[in-house]
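Report on the structure given below.
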Amino acid sequence: MRRSKRNRSLSIVSESRKRSRKSTAQEVIVLDDTDDEDDLAAILAQIKQQEESERLAKELQGSWNDASGSKNPILFDEDDEALAKRLAREWADEDGEIEISAIQPAAIGSSSYAASIPLQPPLEIDKPRKAPDHAKSPDKSLIASRHLFTATRACSKCGKDVPSPRGHVMFTGSDPLPPSLTSLLHAPCTACRTNHCRGCFTVIGCPASCKGLAKNSACSVSRCCAEGRAIAIFETLGGFDRQYNGERATSDSRALATLSKKRATSTTGTVGPGGTGYGTDSYGGGYRGRGKGRVPSASAPRTSRVEKLAAHWEEILVRSMKILKELLPAPYSETPEMYDMLPHASIGPLLSISQIPNLLASLLCNDSVTDWISRSETYHAMLSLLRRLADCELTIQVLIGQRHEMASSCGLETWMWEEGEISWRMEASGVVETLPPLLDFFKKLTKQSEAFLNGASQMIAEGGEDGEVDDTIVNGTSLCGDIIAARDDMERAISIIGRPTSVDQQASTSADQGPSASTSKRRRESGKGKAKDTSIALARAYASACEQLAFKHVFLAAEGKGKGKGLSYPNFNYNAQLNQTQNATRNPKDRLHLVKELAVTATSLPPGVWVRVDEVRNDVIKVMIAGPEGTPYAGGLFEFDCFMPLDYPNSPPLLHLRTTGGGSVRFNPNLYNCGKVCLSLLGTWPGRPEEQWSSKSTLLQVLVSIQSMILIDAPYFNEPGSGKADLNSSVSIEYNRNISLQTVRWAIVDWLKEEHRNGIWGDVIASHYRIQGSQIRQRIAEWASTNLAMRSYTASPGFLGQVNVSYSAQHAPKQGLDLLQEFEKGIERVEQWFFEGLE
């Protein structure tokens with residue numbers, strides 16, 4: 001059908017070109033005696049052929065008008081040049097190169113000729129082709145194709161109106177496609193009982209009552225054409241949206257009822273252990289996935305009815321993702337069909353406007369390994385769907401493109417039939433707000449999987465005696481392995497298609513095509529000043545770099561000792577405890593708890609916090625925390641040793657500060673020069689009951705507490721009895737001046753030495769100071785303007801060993817280390833590390 005259509009179009013264009021050439025020839029050719037008789041005969045033949053073409057066109061127009069009562073604007077209301085342009089664009093559209101607009105259903109007549117033409121919208125030939133508008137919401141793109149899903153067409157046999165069928169897809173049964181879906185792919189005529197494919201509207205052999213059951217071999221409507229495949233995807237997504245919206249409404253009502261009950265029975269409340277505000281899951285994790293229908297923790301009391309509802313919802317999720325996976329284009333299958341190679345252009349917007357991206361985002365953002373394992377069938381279905389989305393250029397954008405943030409949705413089907421609205425969150429300028437690509441969330445999921453596999457593989461190798469733990473480890477290892485394998489498959493598919501794999505790459509490749517919605521948003525957020533623009537860009541770059549380096553498993557034992565038992569950790573403060581527990585056995589459930597928690601930590605660390613876990617002993621951990629902006633610790637890097645005791649999580653981790661200037665500096669009332677970290681969450685300081693450690697507390701809470709509650713702008717007032725924090729207090733200002741001096745010497749300059757280049761923090765140091773180097777340099781210069789000791793530093797034993805030390809700038813030694821100069825030398829070394837690493 002496609003080939004014959006093109007041949008017919010070629011003949012029309014040929015005639016148009018002949019007519020055009022003839023018209024031009026009449027203006028410039030002068031016939032004289034030297035003209036050849038053959039040339040004259042050719043010209044006369046062209047004129048005769050044009051007259052014949054015009055006669056045929058008029059007859060065709062008349063027959064069209066008789067059948068429909070109006071002219072077809074597609075075929076007749078255009079000149080020769082426009083006709084040629086339209087046909088050229090139509091050929092390009094057959095290759096999926098341009099976007100098309102809608103045809104009005106009223107323009108479709110009942111003649112046999114009109115019925116034989118596949119339903120296609122007219123092309124916008126007057127509009128120049130341009131780059132995609134990323135600020136355009138998906139529903140705007142779908143308006144052009146709405147007729148395909150809702151149009152009423154004339155029966156090819158009797159000419160009676162055949163409306164597009166409408167119904168509800170139910171995700172039940174075990175067949176690849178449910179009857180409630182396949183029945184909607186038929187368009188039967190109620191008058192003559194002729195059945196049509198709802199997509200291309202060709203007559204099909206199955207009866208009008210056909211439901212497309214697998215046992216009915218005569219029905220092939222689900223494999224008929226690309227348009228029919230798009231309709232099947234639309235109906236699947238519409239049915240899922242209905243279920244999703246209903247589940248969300250039910251879940252919200254249950255949550256409100258539970259909250260009201262808690263408020264009625266509770267008189268006090270806390271923000272969680274340590275006052276950090278983190279929630280906890282069944283094993284003490286911090287953040288948890290927010291997907292609807294999550295299986296609640298085993299510790300939570302649940303009724304049988306709630307369990308059944310949750311299980312039923314999981315079945316719907318699995319079934320809907322499997323059906324969608326079967327319907328999406330599969331160009332790399334062993335026997336690809338035409339709709340796999342040339343899918344309908346509406347598939348991408350259909351996916352984007354549905355609730356499927358929200359479902360995938362909620363599953364990918366879930367950081368509870370326990371939840372993954374308990375919902376393994378759901379996650380395996382998700383992985384299969386993600387792989388299929390990565391196979392096609394139309395659908396891969398759902399993974400790698402920035403998502404438009406939906407404010408509310410009536411559901412895809414209801415919107416398509418114009419019975420409801422879909423609204424988007426808008427910025428003040430009227431541009432739709434965007435969310436990160438799904439691929440970004442998937443990368444985090446794979447990072448968690450790698451962290452879990454590292455710890456779980458050791459448990460499998462060593463064996464265990466707890467059957468429940470062993471099953472969890474085996475199932476978790478299998479699922480995490482599949483997640484990583486899916487990542488590799490997706491990366492290969494993306495590289496074959498040649499699309500960018502990150503937001504930054506997308507922005508760089510489309511820079512010449514105009515700013516994307518996210519770029520525009522950043523510009524609006526940054527204001528008009530270049531300083532603000534640079535500051536925001538710098539913060540984004542730093543956060544991205546921190547995320548990439550945040551968590552790693554490394555070999556922390558002394559070099560030359562080899563891997564295996566009897567390892568030594570001389571540079572670890574708790575080496576004695578390691579030796580004592582060398583042959584001890586951690587409770588299997590507690591060990592599994594630690595493995596899961598580290599997997600969560602891998603993707604939950606805030607910018608400026610880095611963790612390194614020993615790849616042999618997961619209870620040996622190194623931590624680096626950057627001083628926050630606006631504090632006397634800004635720009636500094638503070639290293640900690642962390643040991644997880646055998647009875648963890650029933651007792652808190654042990655934490656030791658290593659950045660103390662060789663034991664000479666007390667950086668904070670809570671950070672002693674001997675390395676002690678004073679924090680109620682660690683049990684090293686008394687506090688309210690809710691601030692004490694519990695079995696549901698986490699290492700992540702400890703690290704966030706240090707960064708946000710100890711490394712603060714007014715550390716002087718961390719000392720009990722110092723009163724309410726006051727940044728304008730003279731004693732606080734003097735204390736901060738001294739702290740900033742020691743920060744530059746021991747938390748900045750000391751890390752820029754060559755000896756740290758190949759250490760475990762070499763990549764963190766290089767990243768931290770390459771991105772923030774200029775900002776830190778400016779800050780040191782400002783500090784030096786009010787503190788002469790910055791340009792002439794001399795170590796003083798016991799300096800800041802007491803809290804209430806007064807050390808004014810006028811008492812600075814006359815000779816000493818120029819910290820600003822040493823910083824400049826250090827930055828040059830870091831730049832050299834970076835460029836030599838590139839080589």
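Residue names in the structure tokens use chain letters A, B, ... in the order shown, residue numbers from 1 in each chain, and ligand numbers from 1 in the order shown.
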
With only C-alpha atoms as the counted atoms, please give the residues lying no more than 9 Å from Gly239 of chain A, apart from itself and same-chain residues fewer than 6 positions off, as a ChimeraX atom specification. /A:167-171,320,411-413

Could you list, with a cut-off of 9 Å and counting only C-alpha atoms, the residues of segment 544-638 of chain A near segment 725-747 of chain A, each shown with its nearest atom pair and the distance in Å rounded to one decimal, rows sorted by chain and ascending number, as a tab-separated table?
residue	atom	partner	partner_atom	distance
A:Ala626	CA	A:Ala747	CA	9.0
A:Gly627	CA	A:Thr743	CA	9.0
A:Thr631	CA	A:Asn736	CA	8.1
A:Pro632	CA	A:Ser740	CA	4.6
A:Tyr633	CA	A:Thr743	CA	5.9
A:Ala634	CA	A:Thr743	CA	8.0
A:Gly635	CA	A:Ala747	CA	8.0
A:Gly636	CA	A:Ala747	CA	4.5
A:Leu637	CA	A:Ala747	CA	5.0
A:Phe638	CA	A:Ala747	CA	6.1

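Contact shell of segment 242-252 of chain A at 8 Å (only C-alpha atoms; same-chain neighbours under 3 positions omitted): Gly238, Gly239, Ala255, Leu256, Lys292, Gly293, Trp313, Gln355, Cys410 and Gly411 of chain A.
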
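Among the candidates A:Arg779, A:His344, A:Lys753, A:Lys140, the one nearest to Cys200 of chain A when counting only C-alpha atoms is A:His344.
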
Identify, on the basis of only C-alpha atoms, every residue whose closest approach to segment 651-662 of chain A does not exceed 6 Å; exclude the query and any residue fewer than 2 positions from it along the same chain; express the result as a PyMOL selection string. chain A and resi 638-644+648-649+664-665+673+675-676+682+746

Which of segment 422-504 of chain A DSSP labels helix (DSSP H, G or I), written as a VMD selection string: chain A and resid 438 to 462 467 to 497 503 to 504
